[in-house]
>>> print(open('entry_9.cif').read())   # mmCIF, C-alpha atoms
data_structure
loop_
_atom_site.label_atom_id
_atom_site.label_comp_id
_atom_site.auth_asym_id
_atom_site.auth_seq_id
_atom_site.Cartn_x
_atom_site.Cartn_y
_atom_site.Cartn_z
CA PRO A 858 216.26 122.56 72.22
CA PRO A 859 215.19 121.75 68.62
CA ARG A 860 216.00 124.38 66.04
CA ARG A 861 213.22 123.25 63.74
CA ARG A 862 211.07 126.08 62.39
CA ILE A 863 207.43 125.35 61.60
CA HIS A 864 206.24 128.10 59.28
CA PRO A 865 202.63 129.35 59.20
CA TYR A 866 200.35 127.69 56.67
CA TYR A 867 200.66 128.89 53.11
CA ALA A 868 197.04 129.55 52.04
CA PHE A 869 196.06 129.15 48.38
CA VAL A 870 192.84 129.96 46.60
CA SER A 871 192.88 126.61 44.80
CA ASN A 872 194.64 123.28 44.62
CA GLU A 873 196.14 124.13 41.22
CA ALA A 874 197.77 127.28 42.59
CA ARG A 875 199.34 125.19 45.31
CA TRP A 876 200.92 122.71 42.85
CA VAL A 877 202.81 125.58 41.23
CA ALA A 878 203.94 126.95 44.60
CA VAL A 879 205.14 123.57 45.87
CA ALA A 880 207.23 123.04 42.75
CA ASN A 881 208.72 126.55 43.10
CA GLU A 882 209.55 126.06 46.80
CA ALA A 883 211.12 122.66 46.16
CA LYS A 884 213.22 124.10 43.34
CA ARG A 885 214.31 127.08 45.46
CA TYR A 886 215.57 124.93 48.32
CA HIS A 887 217.05 122.35 45.95
CA LEU A 888 219.14 125.04 44.27
CA SER A 889 220.51 125.99 47.70
CA ASP A 890 221.58 122.34 48.16
CA ARG A 891 219.21 121.69 51.07
CA PRO A 892 217.42 118.32 51.06
CA VAL A 893 213.66 118.51 50.57
CA LEU A 894 210.98 116.02 51.63
CA ILE A 895 207.46 116.62 50.28
CA GLY A 896 204.61 114.77 51.98
CA THR A 897 201.41 113.98 50.07
CA ARG A 898 198.14 112.38 51.16
CA SER A 899 197.82 109.97 48.24
CA ILE A 900 199.91 107.89 45.86
CA GLN A 901 198.26 109.71 42.94
CA ASP A 902 199.41 113.08 44.27
CA SER A 903 202.94 111.80 44.87
CA GLU A 904 203.20 110.50 41.30
CA ARG A 905 201.80 113.72 39.85
CA LEU A 906 204.25 115.80 41.86
CA ILE A 907 207.18 113.69 40.68
CA ARG A 908 206.20 114.41 37.08
CA ILE A 909 205.93 118.16 37.76
CA LEU A 910 209.35 118.27 39.44
CA GLN A 911 210.98 116.25 36.67
CA LYS A 912 209.64 118.73 34.11
CA GLU A 913 211.41 121.42 36.14
CA GLY A 914 214.64 119.47 35.73
CA ILE A 915 214.77 118.28 39.35
CA ASN A 916 215.97 114.74 39.98
CA CYS A 917 213.82 113.29 42.76
CA GLU A 918 212.95 110.04 44.48
CA LEU A 919 209.49 108.63 45.07
CA LEU A 920 208.57 106.92 48.32
CA ASN A 921 205.10 105.41 48.57
CA ALA A 922 203.39 102.13 49.40
CA LYS A 923 204.20 100.72 45.97
CA ASN A 924 207.99 100.42 46.41
CA HIS A 925 208.65 98.58 49.69
CA MET A 926 211.88 97.00 48.39
CA THR A 927 213.66 100.35 47.94
CA GLU A 928 212.05 102.21 50.86
CA ALA A 929 214.99 101.89 53.27
CA GLN A 930 217.49 103.19 50.72
CA VAL A 931 215.26 106.11 49.71
CA ILE A 932 214.92 107.11 53.38
CA ALA A 933 218.67 106.78 53.90
CA ASP A 934 219.34 109.15 50.99
CA ALA A 935 216.54 111.66 51.72
CA GLY A 936 218.76 113.78 53.96
CA ALA A 937 221.61 114.00 51.48
CA ARG A 938 222.73 117.36 50.15
CA GLY A 939 220.39 118.53 47.37
CA ALA A 940 218.12 115.46 47.58
CA VAL A 941 214.43 115.86 46.75
CA THR A 942 212.08 113.11 47.95
CA VAL A 943 208.33 112.85 47.47
CA ALA A 944 206.54 110.55 49.91
CA THR A 945 203.02 109.66 50.96
CA ASN A 946 202.35 110.39 54.62
CA MET A 947 202.22 106.66 55.43
CA ALA A 948 205.49 105.71 53.73
CA GLY A 949 208.70 105.20 55.67
CA ARG A 950 207.23 105.95 59.08
CA GLY A 951 209.42 105.17 62.07
CA THR A 952 212.66 105.65 60.13
CA ASP A 953 214.87 108.66 60.84
CA ILE A 954 216.16 110.83 58.04
CA LYS A 955 219.72 111.65 59.00
CA VAL A 956 221.56 114.72 57.77
CA SER A 957 225.28 115.39 57.72
CA PRO A 958 227.01 118.31 59.48
CA ALA A 959 227.39 119.94 56.05
CA VAL A 960 223.61 119.81 55.51
CA GLU A 961 223.00 121.11 59.04
CA ALA A 962 225.20 124.07 58.23
CA LEU A 963 222.95 124.86 55.27
CA GLY A 964 219.85 124.80 57.47
CA GLY A 965 218.93 121.14 57.54
CA LEU A 966 216.07 119.18 55.99
CA VAL A 967 213.07 121.02 54.54
CA VAL A 968 209.68 119.31 54.90
CA ILE A 969 206.84 120.54 52.69
CA MET A 970 203.33 119.27 53.47
CA LEU A 971 201.18 119.36 50.34
CA GLU A 972 197.81 119.08 52.11
CA PRO A 973 196.60 118.69 55.72
CA HIS A 974 195.24 115.34 56.83
CA GLU A 975 192.07 114.65 58.83
CA SER A 976 194.27 113.65 61.74
CA ALA A 977 196.63 116.26 63.16
CA ARG A 978 198.72 113.37 64.50
CA ILE A 979 199.62 112.27 60.96
CA ASP A 980 200.61 115.82 60.06
CA TRP A 981 202.90 115.99 63.08
CA GLN A 982 204.48 112.67 62.15
CA LEU A 983 205.49 114.30 58.86
CA PHE A 984 206.66 117.48 60.60
CA GLY A 985 208.77 115.33 62.91
CA ARG A 986 210.88 114.15 60.00
CA THR A 987 213.02 117.22 60.45
CA GLY A 988 214.61 118.77 63.52
CA ARG A 989 215.40 115.42 65.16
CA GLN A 990 217.68 115.56 68.22
CA GLY A 991 218.10 119.32 67.99
CA SER A 992 219.18 119.44 64.34
CA PRO A 993 217.95 122.40 62.27
CA GLY A 994 215.19 122.20 59.69
CA ASP A 995 212.13 123.89 58.24
CA VAL A 996 208.51 122.77 57.90
CA LEU A 997 206.32 124.43 55.25
CA PRO A 998 202.65 123.35 55.52
CA MET A 999 200.36 124.12 52.57
CA ALA A 1000 196.57 124.38 52.39
CA ALA A 1001 193.97 125.38 49.80
CA ALA A 1002 190.34 126.46 50.06
CA ASP A 1003 189.19 123.39 48.11
CA ASP A 1004 191.04 120.87 50.28
CA GLU A 1005 188.94 117.84 51.20
CA LEU A 1006 189.53 118.51 54.90
CA LEU A 1007 187.98 121.99 54.73
CA GLN A 1008 185.22 121.06 52.31
CA LYS A 1009 184.11 117.99 54.24
CA HIS A 1010 184.89 118.66 57.89
CA LEU A 1011 184.75 122.40 58.49
CA PRO A 1012 181.88 123.14 60.92
CA ARG A 1013 178.92 124.83 59.26
CA TRP A 1014 179.34 128.06 61.22
CA LEU A 1015 182.93 128.44 59.97
CA ARG A 1016 182.30 127.66 56.29
CA PRO A 1017 181.70 131.31 55.32
CA LEU A 1018 185.26 132.07 56.43
CA ASN A 1019 186.59 129.50 53.98
CA ARG A 1020 185.10 131.60 51.18
CA LEU A 1021 187.59 134.30 52.18
CA VAL A 1022 190.37 131.77 51.57
CA ALA A 1023 188.89 130.99 48.15
CA LEU A 1024 188.98 134.70 47.33
CA GLY A 1025 192.50 135.12 48.64
CA LEU A 1026 191.22 137.51 51.33
CA THR A 1027 192.59 135.84 54.41
CA SER A 1028 195.68 135.47 56.54
CA ASN A 1029 197.86 132.45 57.24
CA HIS A 1030 196.74 132.69 60.87
CA LEU A 1031 193.07 132.28 59.87
CA ILE A 1032 193.71 129.26 57.63
CA THR A 1033 195.61 127.64 60.51
CA LYS A 1034 192.59 128.10 62.81
CA LEU A 1035 190.21 126.73 60.16
CA ILE A 1036 192.38 123.65 59.69
CA GLN A 1037 192.55 123.05 63.44
CA HIS A 1038 188.76 123.25 63.74
CA ALA A 1039 188.26 120.96 60.74
CA GLN A 1040 190.71 118.38 62.13
CA LYS A 1041 189.00 118.37 65.52
CA HIS A 1042 185.64 117.87 63.82
CA ALA A 1043 187.06 115.03 61.69
CA GLU A 1044 188.68 113.36 64.69
CA ARG A 1045 185.43 113.52 66.70
CA ARG A 1046 183.53 111.97 63.79
CA ALA A 1047 186.14 109.21 63.45
CA PHE A 1048 185.93 108.54 67.21
CA ARG A 1049 182.13 108.21 67.08
CA HIS A 1050 182.47 105.87 64.09
CA ARG A 1051 184.91 103.65 66.00
CA GLN A 1052 182.53 103.61 68.96
CA ARG A 1053 179.65 102.44 66.73
CA LEU A 1054 181.84 99.73 65.22
CA ASN A 1055 182.91 98.54 68.66
CA THR A 1056 179.30 98.44 69.85
CA PHE A 1057 178.23 96.52 66.75
CA ASP A 1058 181.13 94.08 67.16
CA ARG A 1059 180.29 93.51 70.83
CA LYS A 1060 176.60 92.89 70.11
CA THR A 1061 177.51 90.53 67.26
CA ARG A 1062 179.77 88.49 69.55
CA GLU A 1063 177.05 88.34 72.21
CA MET A 1064 174.48 87.20 69.66
CA MET A 1065 176.79 84.51 68.25
CA SER A 1066 177.55 83.29 71.78
CA PHE A 1067 173.80 83.04 72.48
CA VAL A 1068 173.22 81.12 69.21
CA ARG A 1069 176.01 78.66 70.05
CA ARG A 1070 174.51 78.07 73.53
CA LYS A 1071 171.08 77.41 72.02
CA ALA A 1072 172.60 74.91 69.56
#
>>> encode(input="entry_9.cif", output="structure tokens")
Amino acid sequence: PPRRRIHPYYAFVSNEARWVAVANEAKRYHLSDRPVLIGTRSIQDSERLIRILQKEGINCELLNAKNHMTEAQVIADAGARGAVTVATNMAGRGTDIKVSPAVEALGGLVVIMLEPHESARIDWQLFGRTGRQGSPGDVLPMAAADDELLQKHLPRWLRPLNRLVALGLTSNHLITKLIQHAQKHAERRAFRHRQRLNTFDRKTREMMSFVRRKA
């Protein structure tokens, strides 16, 4: 069975507090020679994180939608001993990150998720970067009270609980539950939106077919 460990969410009172923590975690694992992959939701976040890590003296690679030509090589090197790679969630999907027996002995690849996505499926695609075929690894998901997911998609009756996160008066278990509720709400909204688009598209085709018959 896989030896991947998915840690509880790290809850932060603000986005800025999380940036500091991500840099510290990446540096800690980097100094132990374990490869680190940090997943971000946007190109802007990936580029900002690269600058923060470089200021900490950490050599790192950037993988996002802007560098298709080097994507395969960056993925190939992401599991190397001591490697630090920052990637958007959409970059390099479908490509395995392989680690050597020496890296496995150290504990395998560490995946840090900067911020949860509206779709839990995308989060799990990132989590699945480590622990492939029974190899060891760690997943460290991060979340903050001012994340877009929680601000935009948390059901109204749960929003007061998010204030506890903002005050630092909550547990990792609670933030996990809030994220799960917010993702379900976001996914239902996206599903209804797709349904409306499909209905509109179908009615448009029917109308155009009627117009062509009249002509």
>>> resolve_selection(input="entry_9.cif", expression="the PyMOL selection byres ((chain A and resi 1014-1021) around 12)", output="PyMOL selection string")
chain A and resi 868-871+1000-1004+1006-1013+1022-1029+1031-1039+1042
>>> resolve_selection(input="entry_9.cif", expression="the PyMOL selection byres ((chain A and resi 997) around 9)", output="ChimeraX atom specification")
/A:862-867,967-971,984,995-996,998-999
>>> atom_distance(input="entry_9.cif", atom1="atom CA of A:Val941", atom2="atom CA of A:Val893")
4.7 Å
>>> atom_distance(input="entry_9.cif", atom1="atom CA of A:Arg875", atom2="atom CA of A:Arg1045")
28.1 Å
>>> atom_distance(input="entry_9.cif", atom1="atom CA of A:Ala944", atom2="atom CA of A:Val877")
17.8 Å
>>> residues_around(input="entry_9.cif", residues="A:Glu913", least_positions_apart="2", cutoff="12 Å", atoms="all atoms listed in the file", output="count of residues only")
19
>>> residues_near_point(input="entry_9.cif", point="(219.3, 112.8, 64.3)", cutoff="12 Å", atoms="all atoms listed in the file", output="VMD selection string")
chain A and resid 859 936 952 to 958 961 965 to 966 985 to 994
>>> closest_residue(input="entry_9.cif", among="A:Glu1005, A:Asp980, A:Thr945, A:Arg938", to="A:Ser889", atoms="all atoms listed in the file")
A:Arg938
>>> resolve_selection(input="entry_9.cif", expression="the PyMOL selection byres ((chain A and resi 976) around 9)", output="PyMOL selection string")
chain A and resi 973-975+977-980+1040-1041+1043-1044
>>> closest_residue(input="entry_9.cif", among="A:Thr927, A:Asp1058, A:Asn872, A:Ala937", to="A:Asp890", atoms="only C-alpha atoms")
A:Ala937
>>> closest_residue(input="entry_9.cif", among="A:Leu983, A:Ala959, A:Met1065, A:Ala878", to="A:Ile895", atoms="all atoms listed in the file")
A:Leu983
>>> closest_residue(input="entry_9.cif", among="A:Asp934, A:Gln982, A:His1050, A:Arg891", to="A:Val960", atoms="all atoms listed in the file")
A:Arg891
>>> residues_around(input="entry_9.cif", residues="A:Glu918", least_positions_apart="4", cutoff="7 Å", atoms="all atoms listed in the file", output="JSON, numbers by chain")
{"A": [931, 941, 942, 943]}
